Every structure is written in C-alpha cells, then in structure tokens.
Amino acid sequence: MEIGEGHIWFKSRRSARRICAWVMSMCLLLSATLLAGCGTKELGTQEETQSQETQQIVVGFSQLGAESDWRSANTESMKSTFTAANGYKLLIEDGQQQQANQIMAIRKFIQQDVDYIVLAPVTETGWDTVLQEAKDAQIPVIIVDRQVAVEDPELFCCWVGSDFELEAKKATAWLHQFAYTKGIDESQLHIVNIQGTIGASAQIGRTKGLQDAVAAYGWDLLAQVPGEFTQAKGKEAMEALLEQYENINVVYCENDNEALGAIEAIEEAGRHVGSDILHGDIMVMSFDGVNQNVMQYLLKDKISFVGECNPHHGPRVQNIIQLLEAGKTPEKYSYVEERVYTHDATVPSVEVDGVNYSVTVMTKETLQEFK
Ligand code: GYE
C-alpha cells in the first residue's frame, strides 16, 4: 500500500514555514543593520547561521528505550545519519519502555513544530489519538522497527523494519531440519520460550512463528514467559524455568540479550550450553546478531542459531525523508532483508513459504564483519 496525496500538504507547509523564517530573518537583519548603521562581518555570520538552521530538516525521534544491544545500535544509526552536516537537526526522546512517555514525546514534537516525527513504538496498540494529533498538525510520521496497529492507515506515512514472523519461520525451519538431520524425534524437543516485551511486533511475530511450528511439528512447548528483551530478565526467567522443568533442551530467546542472560542461568545451574541435546546440552536460539560480542557465542556453540535483525534504520529513514522532500511517495511498508547464522553446517539452507534462504556458518573470518 502507498500513501496518496497526503504528503503534498506538508511539503507546501514546510516551504511556507521556510519562507516565513527567511522573511523574518531578513527583517531582523535589516533592522539590525539600520540600528548599527552598517552591515558588519558579525551580522553576516549571524545571518549565515540563521539561514543554515532554516534549511535544516528537523526530525523528532521517539525512541522506545535502551533495553538491548539492538536498540543501542538503532539509536546510533539514527544519530549518525541525522547530523547537522547532513542537513538535519535531530531531537531524540527516550521513552524508557513506557508508551505514555512516547506519547508525551510526540506531543512535544508537535509543539516544537518539527518537520518529521519518527516513532519506534514500544508496543503496537494505543497510538490512534496521538497520531491523529500529528496528522492534524500536518506533521508526517514515519514508523521504524516495530509496527503500530491503527484504525486509519493514513495516520502514519510509512513504516520500515523487519519481518519478525519470517525471522521466526526461518528459525523454526532450521530447528526442524537440525533435529531431523541429527536423528532427534520432534517429540524429544522440550522448548521454553523467553518472549520479548509483550505486545511488541518483534515479540508477536517471533512468538507466533514458534507457536505455529509447535502446532505443525508436535514439539513439546513447556512454557512461554516474558523476558522484556533484557539480559537481566532473560536470566531471571531462565533461572525460574530451570527450577520448574528438568527436561528443557531448547531455549528459544526472542533477542540476544535474553540469550546472554539465559546462558548465565544455565551455566550457573551447572548445565552445559550447546546443540548436543541428545547428550544433555541445552540449546540456545536467538535473534538480532548485531555485534561481535554476541556472534562469537556462535563460534563456541553457546548460541546455536541467530536470526539476524538489522537495526541500521537511519539511512533508510533518511531515504524516505528525501523521497518526501522530492514530492515522491515512499512504499507504505519496507521490509529489510536479513540472514541467518549458525554454529555449524548441519543445515545448509532453510525453506520458508517456497523461498530458500542460505544459512551462514559463523567463522572467525565472518566474525570480523561485525563490530
Ligand atoms: O530484536 C530487541 C529489541 O524491536 C527488533 O527490540 C526490535 C527488538 C530487538 O529490544 O533486541
């Protein structure tokens, strides 16, 4: 789906605002010149700064928090893209995992009359009212990462992010194939699912993918518990699960930070992390894969599978803004392509919905591709 004529009003609105700002700065300059009796060098510099600021595109970014390595990389991507040198002024508000904070941030951006609002929403629902307010103020809203579930799709301009359910389908196709190749019966897979922030698209898609595979293959899904995408909660959840269930052999974590926490808990409980589940290992599966620190766990088989989730949305959002500035219409939904990484070559590729995805085995060389 694509946005229609909607963007035209704000283009003219932005141009009008710039003309206004220019006229005002000219008036100021003229009166200052008259008062000073001459046009000094200092005044010239002031005029230049003012005009540079007038030319800058002001972007208000409501980031949902700082819960994970993925999130930090995402914030960094926005900061390094929307720089003054690139012609932007970036205002960032940290929602600290609270939707109420994000709503306040959007209202603040509306008051500040920014040119664009970029929203990384903590959860999907509850955005209709504030997005209507942004629309009434004629400020286009670009959604990144997780999605919003709103009645009227015209409340936001477009979205860019990952296909979380596809990530999960690749992960479960890999597990299915891995078990088959190793001679492990489907009923021998005793899985616990440490979920992300409940109601976030990344949680919804990754949980759904797992549940569908459980239904299709007859895996034993012992428990599903929230881990809020953090290492601390991942550890806490795993500690409790280990106390409750003796036969866990797969931990399906919905991000890497949870996986790191789960590994700590497993090792502290005296159990071995790895993919040799027929001999007592507990296999850890995860999503994100944003840095070397996590990816090196694949080398040691401490994490056996990572579904990549790409956080570098800054340049993608910039492309969207450039399209809008040029009066063009961006795609309503843009999905990012992502890979899968494993500890060994047991499964060379996975097939999901008729598409074949190659599986990358983590090596020391491949690890160098990560920071
Ligand atoms: O996987 C997780 C983060 O929404 C894709 O949020 C994002 C998820 C990511 O906290 O690490």
# chains A, B, ... in the order shown; residues from 1 in each chain; ligands from 1
$ closest_atom_pairs --of "chain A" --to "ligand 1" --cutoff "8 Å" --atoms "only C-alpha atoms and all ligand atoms" --output "JSON lines"
{"residue": "A:Ala66", "atom": "CA", "partner": "ligand 1", "partner_atom_place_in_ligand_line": "10 (O)", "distance": 7.6}
{"residue": "A:Glu67", "atom": "CA", "partner": "ligand 1", "partner_atom_place_in_ligand_line": "10 (O)", "distance": 5.5}
{"residue": "A:Ser68", "atom": "CA", "partner": "ligand 1", "partner_atom_place_in_ligand_line": "10 (O)", "distance": 4.9}
{"residue": "A:Asp69", "atom": "CA", "partner": "ligand 1", "partner_atom_place_in_ligand_line": "11 (O)", "distance": 6.4}
{"residue": "A:Trp70", "atom": "CA", "partner": "ligand 1", "partner_atom_place_in_ligand_line": "11 (O)", "distance": 4.6}
{"residue": "A:Arg71", "atom": "CA", "partner": "ligand 1", "partner_atom_place_in_ligand_line": "3 (C)", "distance": 5.5}
{"residue": "A:Val122", "atom": "CA", "partner": "ligand 1", "partner_atom_place_in_ligand_line": "4 (O)", "distance": 7.8}
{"residue": "A:Asp145", "atom": "CA", "partner": "ligand 1", "partner_atom_place_in_ligand_line": "4 (O)", "distance": 5.5}
{"residue": "A:Arg146", "atom": "CA", "partner": "ligand 1", "partner_atom_place_in_ligand_line": "4 (O)", "distance": 5.2}
{"residue": "A:Gly161", "atom": "CA", "partner": "ligand 1", "partner_atom_place_in_ligand_line": "5 (C)", "distance": 7.7}
{"residue": "A:Ser162", "atom": "CA", "partner": "ligand 1", "partner_atom_place_in_ligand_line": "5 (C)", "distance": 6.9}
{"residue": "A:Phe164", "atom": "CA", "partner": "ligand 1", "partner_atom_place_in_ligand_line": "5 (C)", "distance": 7.6}
{"residue": "A:Gly196", "atom": "CA", "partner": "ligand 1", "partner_atom_place_in_ligand_line": "10 (O)", "distance": 7.4}
{"residue": "A:Thr197", "atom": "CA", "partner": "ligand 1", "partner_atom_place_in_ligand_line": "10 (O)", "distance": 7.9}
{"residue": "A:Ala200", "atom": "CA", "partner": "ligand 1", "partner_atom_place_in_ligand_line": "4 (O)", "distance": 7.0}
{"residue": "A:Ser201", "atom": "CA", "partner": "ligand 1", "partner_atom_place_in_ligand_line": "4 (O)", "distance": 6.8}
{"residue": "A:Ala202", "atom": "CA", "partner": "ligand 1", "partner_atom_place_in_ligand_line": "4 (O)", "distance": 5.0}
{"residue": "A:Gln203", "atom": "CA", "partner": "ligand 1", "partner_atom_place_in_ligand_line": "8 (C)", "distance": 7.8}
{"residue": "A:Glu228", "atom": "CA", "partner": "ligand 1", "partner_atom_place_in_ligand_line": "10 (O)", "distance": 7.6}
{"residue": "A:Phe229", "atom": "CA", "partner": "ligand 1", "partner_atom_place_in_ligand_line": "10 (O)", "distance": 4.9}
{"residue": "A:Thr230", "atom": "CA", "partner": "ligand 1", "partner_atom_place_in_ligand_line": "10 (O)", "distance": 7.2}
{"residue": "A:Glu254", "atom": "CA", "partner": "ligand 1", "partner_atom_place_in_ligand_line": "1 (O)", "distance": 6.8}
{"residue": "A:Asn255", "atom": "CA", "partner": "ligand 1", "partner_atom_place_in_ligand_line": "11 (O)", "distance": 4.8}
{"residue": "A:Asp256", "atom": "CA", "partner": "ligand 1", "partner_atom_place_in_ligand_line": "11 (O)", "distance": 6.4}
{"residue": "A:Asn257", "atom": "CA", "partner": "ligand 1", "partner_atom_place_in_ligand_line": "11 (O)", "distance": 6.8}
{"residue": "A:Phe287", "atom": "CA", "partner": "ligand 1", "partner_atom_place_in_ligand_line": "1 (O)", "distance": 6.2}
{"residue": "A:Asp288", "atom": "CA", "partner": "ligand 1", "partner_atom_place_in_ligand_line": "1 (O)", "distance": 5.3}
{"residue": "A:Cys309", "atom": "CA", "partner": "ligand 1", "partner_atom_place_in_ligand_line": "1 (O)", "distance": 6.2}
{"residue": "A:Asn310", "atom": "CA", "partner": "ligand 1", "partner_atom_place_in_ligand_line": "5 (C)", "distance": 7.7}
{"residue": "A:Pro311", "atom": "CA", "partner": "ligand 1", "partner_atom_place_in_ligand_line": "5 (C)", "distance": 7.1}
$ write_last_selection --atoms "N, CA and C atoms" --output "PDB file, in the first residue's frame"
ATOM      1  N   ALA A  66      16.233   1.727  25.844  1.00  0.00           N
ATOM      2  CA  ALA A  66      17.634   1.325  25.660  1.00  0.00           C
ATOM      3  C   ALA A  66      17.831  -0.075  26.232  1.00  0.00           C
ATOM      4  N   GLU A  67      16.868  -0.972  25.920  1.00  0.00           N
ATOM      5  CA  GLU A  67      16.855  -2.275  26.576  1.00  0.00           C
ATOM      6  C   GLU A  67      17.901  -3.261  26.069  1.00  0.00           C
ATOM      7  N   SER A  68      18.412  -3.056  24.848  1.00  0.00           N
ATOM      8  CA  SER A  68      19.240  -4.113  24.258  1.00  0.00           C
ATOM      9  C   SER A  68      20.358  -3.549  23.393  1.00  0.00           C
ATOM     10  N   ASP A  69      21.261  -4.434  22.971  1.00  0.00           N
ATOM     11  CA  ASP A  69      22.328  -4.033  22.043  1.00  0.00           C
ATOM     12  C   ASP A  69      21.718  -3.587  20.713  1.00  0.00           C
ATOM     13  N   TRP A  70      20.665  -4.267  20.320  1.00  0.00           N
ATOM     14  CA  TRP A  70      19.965  -3.897  19.084  1.00  0.00           C
ATOM     15  C   TRP A  70      19.508  -2.446  19.173  1.00  0.00           C
ATOM     16  N   ARG A  71      18.912  -2.106  20.302  1.00  0.00           N
ATOM     17  CA  ARG A  71      18.345  -0.755  20.467  1.00  0.00           C
ATOM     18  C   ARG A  71      19.448   0.300  20.421  1.00  0.00           C
ATOM     19  N   VAL A 122       6.917   1.185  21.292  1.00  0.00           N
ATOM     20  CA  VAL A 122       7.213   0.087  22.217  1.00  0.00           C
ATOM     21  C   VAL A 122       6.280  -1.101  21.990  1.00  0.00           C
ATOM     22  N   ASP A 145      11.059   0.087  12.880  1.00  0.00           N
ATOM     23  CA  ASP A 145      11.231  -1.122  13.686  1.00  0.00           C
ATOM     24  C   ASP A 145       9.890  -1.821  13.946  1.00  0.00           C
ATOM     25  N   ARG A 146       9.322  -1.677  15.121  1.00  0.00           N
ATOM     26  CA  ARG A 146       8.040  -2.330  15.419  1.00  0.00           C
ATOM     27  C   ARG A 146       6.922  -1.552  14.725  1.00  0.00           C
ATOM     28  N   GLY A 161      11.184  -1.668   8.622  1.00  0.00           N
ATOM     29  CA  GLY A 161      11.630  -2.557   9.699  1.00  0.00           C
ATOM     30  C   GLY A 161      11.762  -3.992   9.216  1.00  0.00           C
ATOM     31  N   SER A 162      11.741  -4.910  10.169  1.00  0.00           N
ATOM     32  CA  SER A 162      11.981  -6.328   9.860  1.00  0.00           C
ATOM     33  C   SER A 162      10.677  -7.113   9.826  1.00  0.00           C
ATOM     34  N   PHE A 164       9.329  -9.907  11.398  1.00  0.00           N
ATOM     35  CA  PHE A 164       9.650 -10.707  12.589  1.00  0.00           C
ATOM     36  C   PHE A 164       9.109 -12.129  12.497  1.00  0.00           C
ATOM     37  N   GLY A 196       9.801 -11.507  24.216  1.00  0.00           N
ATOM     38  CA  GLY A 196      10.197 -10.101  24.333  1.00  0.00           C
ATOM     39  C   GLY A 196       9.160  -9.311  25.113  1.00  0.00           C
ATOM     40  N   THR A 197       9.132  -8.014  24.883  1.00  0.00           N
ATOM     41  CA  THR A 197       8.122  -7.156  25.507  1.00  0.00           C
ATOM     42  C   THR A 197       6.768  -7.528  24.919  1.00  0.00           C
ATOM     43  N   ALA A 200       4.801  -6.120  21.616  1.00  0.00           N
ATOM     44  CA  ALA A 200       5.705  -5.507  20.632  1.00  0.00           C
ATOM     45  C   ALA A 200       5.726  -6.394  19.389  1.00  0.00           C
ATOM     46  N   SER A 201       5.788  -5.783  18.213  1.00  0.00           N
ATOM     47  CA  SER A 201       5.760  -6.578  16.970  1.00  0.00           C
ATOM     48  C   SER A 201       6.824  -7.674  16.974  1.00  0.00           C
ATOM     49  N   ALA A 202       8.011  -7.347  17.479  1.00  0.00           N
ATOM     50  CA  ALA A 202       9.096  -8.337  17.468  1.00  0.00           C
ATOM     51  C   ALA A 202       8.706  -9.546  18.322  1.00  0.00           C
ATOM     52  N   GLN A 203       8.022  -9.302  19.415  1.00  0.00           N
ATOM     53  CA  GLN A 203       7.539 -10.419  20.252  1.00  0.00           C
ATOM     54  C   GLN A 203       6.413 -11.159  19.530  1.00  0.00           C
ATOM     55  N   GLU A 228      11.238  -9.366  28.390  1.00  0.00           N
ATOM     56  CA  GLU A 228      11.353  -7.921  28.135  1.00  0.00           C
ATOM     57  C   GLU A 228      12.581  -7.518  27.328  1.00  0.00           C
ATOM     58  N   PHE A 229      13.135  -8.439  26.572  1.00  0.00           N
ATOM     59  CA  PHE A 229      14.280  -8.165  25.696  1.00  0.00           C
ATOM     60  C   PHE A 229      15.540  -7.754  26.461  1.00  0.00           C
ATOM     61  N   THR A 230      15.596  -8.037  27.777  1.00  0.00           N
ATOM     62  CA  THR A 230      16.793  -7.623  28.527  1.00  0.00           C
ATOM     63  C   THR A 230      17.558  -8.847  29.048  1.00  0.00           C
ATOM     64  N   GLU A 254      13.863 -14.450  22.398  1.00  0.00           N
ATOM     65  CA  GLU A 254      13.412 -13.540  21.349  1.00  0.00           C
ATOM     66  C   GLU A 254      14.382 -12.389  21.087  1.00  0.00           C
ATOM     67  N   ASN A 255      15.496 -12.341  21.800  1.00  0.00           N
ATOM     68  CA  ASN A 255      16.623 -11.495  21.363  1.00  0.00           C
ATOM     69  C   ASN A 255      17.916 -11.966  22.030  1.00  0.00           C
ATOM     70  N   ASP A 256      19.021 -11.381  21.576  1.00  0.00           N
ATOM     71  CA  ASP A 256      20.334 -11.825  22.054  1.00  0.00           C
ATOM     72  C   ASP A 256      20.572 -11.518  23.526  1.00  0.00           C
ATOM     73  N   ASN A 257      20.095 -10.383  23.985  1.00  0.00           N
ATOM     74  CA  ASN A 257      20.353 -10.051  25.391  1.00  0.00           C
ATOM     75  C   ASN A 257      19.688 -11.055  26.316  1.00  0.00           C
ATOM     76  N   PHE A 287      17.730 -14.087  18.365  1.00  0.00           N
ATOM     77  CA  PHE A 287      17.560 -13.148  17.246  1.00  0.00           C
ATOM     78  C   PHE A 287      18.337 -11.864  17.522  1.00  0.00           C
ATOM     79  N   ASP A 288      18.742 -11.204  16.497  1.00  0.00           N
ATOM     80  CA  ASP A 288      19.415  -9.890  16.436  1.00  0.00           C
ATOM     81  C   ASP A 288      20.768 -10.009  15.746  1.00  0.00           C
ATOM     82  N   CYS A 309      18.598  -9.558  12.859  1.00  0.00           N
ATOM     83  CA  CYS A 309      17.594  -8.490  12.834  1.00  0.00           C
ATOM     84  C   CYS A 309      18.403  -7.205  12.684  1.00  0.00           C
ATOM     85  N   ASN A 310      18.193  -6.528  11.580  1.00  0.00           N
ATOM     86  CA  ASN A 310      19.055  -5.395  11.225  1.00  0.00           C
ATOM     87  C   ASN A 310      18.554  -4.093  11.858  1.00  0.00           C
ATOM     88  N   PRO A 311      19.400  -3.428  12.668  1.00  0.00           N
ATOM     89  CA  PRO A 311      18.945  -2.218  13.368  1.00  0.00           C
ATOM     90  C   PRO A 311      19.302  -0.899  12.662  1.00  0.00           C
TER      91      PRO A 311
END
$ residues_around --residues "region 295-297 of chain A" --least-positions-apart "2" --cutoff "12 Å" --atoms "only C-alpha atoms" --output "VMD selection string"
chain A and resid 256 to 257 259 to 260 263 273 to 274 283 to 293 299 to 308 340 to 343 360 to 371
$ closest_atom_pairs --of "region 146-210 of chain A" --to "region 126-129 of chain A" --cutoff "8 Å" --atoms "only C-alpha atoms" --output "tab-separated table"
residue	atom	partner	partner_atom	distance
A:Val148	CA	A:Trp127	CA	6.9
A:Ala149	CA	A:Trp127	CA	7.6
A:Val150	CA	A:Asp128	CA	5.6
A:Glu151	CA	A:Asp128	CA	7.1
A:Asp152	CA	A:Asp128	CA	7.9
A:Leu155	CA	A:Asp128	CA	7.4
$ write_last_selection --atoms "all heavy atoms" --output "PDB file, in the first residue's frame"
ATOM      1  N   VAL A 148       2.743  -0.136  14.249  1.00  0.00           N
ATOM      2  CA  VAL A 148       1.593   0.354  15.015  1.00  0.00           C
ATOM      3  C   VAL A 148       0.333  -0.262  14.410  1.00  0.00           C
ATOM      4  O   VAL A 148       0.249  -0.414  13.193  1.00  0.00           O
ATOM      5  CB  VAL A 148       1.473   1.904  14.987  1.00  0.00           C
ATOM      6  CG1 VAL A 148       2.582   2.558  15.790  1.00  0.00           C
ATOM      7  CG2 VAL A 148       1.431   2.454  13.571  1.00  0.00           C
ATOM      8  N   ALA A 149      -0.608  -0.614  15.271  1.00  0.00           N
ATOM      9  CA  ALA A 149      -1.895  -1.122  14.791  1.00  0.00           C
ATOM     10  C   ALA A 149      -2.902   0.006  14.967  1.00  0.00           C
ATOM     11  O   ALA A 149      -3.368   0.249  16.077  1.00  0.00           O
ATOM     12  CB  ALA A 149      -2.300  -2.344  15.604  1.00  0.00           C
ATOM     13  N   VAL A 150      -3.180   0.729  13.886  1.00  0.00           N
ATOM     14  CA  VAL A 150      -4.119   1.857  13.973  1.00  0.00           C
ATOM     15  C   VAL A 150      -5.299   1.616  13.037  1.00  0.00           C
ATOM     16  O   VAL A 150      -5.168   0.941  12.018  1.00  0.00           O
ATOM     17  CB  VAL A 150      -3.445   3.213  13.641  1.00  0.00           C
ATOM     18  CG1 VAL A 150      -2.610   3.712  14.804  1.00  0.00           C
ATOM     19  CG2 VAL A 150      -2.605   3.139  12.384  1.00  0.00           C
ATOM     20  N   GLU A 151      -6.447   2.181  13.410  1.00  0.00           N
ATOM     21  CA  GLU A 151      -7.665   2.029  12.605  1.00  0.00           C
ATOM     22  C   GLU A 151      -7.459   2.588  11.191  1.00  0.00           C
ATOM     23  O   GLU A 151      -7.806   1.965  10.211  1.00  0.00           O
ATOM     24  CB  GLU A 151      -8.804   2.824  13.262  1.00  0.00           C
ATOM     25  CG  GLU A 151      -9.347   2.205  14.535  1.00  0.00           C
ATOM     26  CD  GLU A 151     -10.544   1.327  14.268  1.00  0.00           C
ATOM     27  OE1 GLU A 151     -11.461   1.800  13.548  1.00  0.00           O
ATOM     28  OE2 GLU A 151     -10.560   0.174  14.760  1.00  0.00           O
ATOM     29  N   ASP A 152      -6.891   3.822  11.158  1.00  0.00           N
ATOM     30  CA  ASP A 152      -6.760   4.527   9.888  1.00  0.00           C
ATOM     31  C   ASP A 152      -5.287   4.502   9.450  1.00  0.00           C
ATOM     32  O   ASP A 152      -4.447   5.171  10.054  1.00  0.00           O
ATOM     33  CB  ASP A 152      -7.244   5.978  10.100  1.00  0.00           C
ATOM     34  CG  ASP A 152      -6.996   6.843   8.883  1.00  0.00           C
ATOM     35  OD1 ASP A 152      -6.585   6.307   7.827  1.00  0.00           O
ATOM     36  OD2 ASP A 152      -7.210   8.070   8.990  1.00  0.00           O
ATOM     37  N   LEU A 155      -2.855   7.518   9.237  1.00  0.00           N
ATOM     38  CA  LEU A 155      -2.319   8.219  10.413  1.00  0.00           C
ATOM     39  C   LEU A 155      -0.791   8.218  10.423  1.00  0.00           C
ATOM     40  O   LEU A 155      -0.179   8.982  11.152  1.00  0.00           O
ATOM     41  CB  LEU A 155      -2.839   7.584  11.713  1.00  0.00           C
ATOM     42  CG  LEU A 155      -4.302   7.832  12.043  1.00  0.00           C
ATOM     43  CD1 LEU A 155      -4.644   7.231  13.399  1.00  0.00           C
ATOM     44  CD2 LEU A 155      -4.632   9.312  12.029  1.00  0.00           C
TER      45      LEU A 155
END
$ atom_distance --atom1 "CA of Arg206 (chain A)" --atom2 "CA of Ala168 (chain A)"
4.9 Å
$ closest_atom_pairs --of "region 132-211 of chain A" --to "region 319-336 of chain A" --cutoff "12 Å" --atoms "only C-alpha atoms" --output "Markdown table"
| residue | atom | partner | partner_atom | distance |
| --- | --- | --- | --- | --- |
| A:Ile139 | CA | A:Leu324 | CA | 11.9 |
| A:Pro140 | CA | A:Leu324 | CA | 9.4 |
| A:Val141 | CA | A:Ile321 | CA | 10.3 |
| A:Ile142 | CA | A:Ile320 | CA | 8.4 |
| A:Ile143 | CA | A:Tyr333 | CA | 9.5 |
| A:Val144 | CA | A:Ser334 | CA | 9.7 |
| A:Asp145 | CA | A:Tyr335 | CA | 9.6 |
| A:Arg146 | CA | A:Tyr335 | CA | 11.3 |
| A:Gln147 | CA | A:Tyr333 | CA | 9.8 |
| A:Val148 | CA | A:Tyr333 | CA | 11.7 |
| A:Pro153 | CA | A:Lys332 | CA | 9.2 |
| A:Glu154 | CA | A:Lys332 | CA | 9.8 |
| A:Leu155 | CA | A:Lys332 | CA | 11.6 |
| A:Phe156 | CA | A:Lys332 | CA | 8.9 |
| A:Cys157 | CA | A:Lys332 | CA | 6.9 |
| A:Cys158 | CA | A:Lys332 | CA | 4.4 |
| A:Trp159 | CA | A:Tyr333 | CA | 5.0 |
| A:Val160 | CA | A:Ser334 | CA | 4.7 |
| A:Gly161 | CA | A:Tyr335 | CA | 5.4 |
| A:Ser162 | CA | A:Val336 | CA | 5.3 |
| A:Asp163 | CA | A:Tyr335 | CA | 6.3 |
| A:Phe164 | CA | A:Tyr335 | CA | 9.8 |
| A:Glu165 | CA | A:Tyr335 | CA | 11.7 |
| A:Leu166 | CA | A:Tyr335 | CA | 10.6 |
| A:Glu167 | CA | A:Val336 | CA | 11.0 |
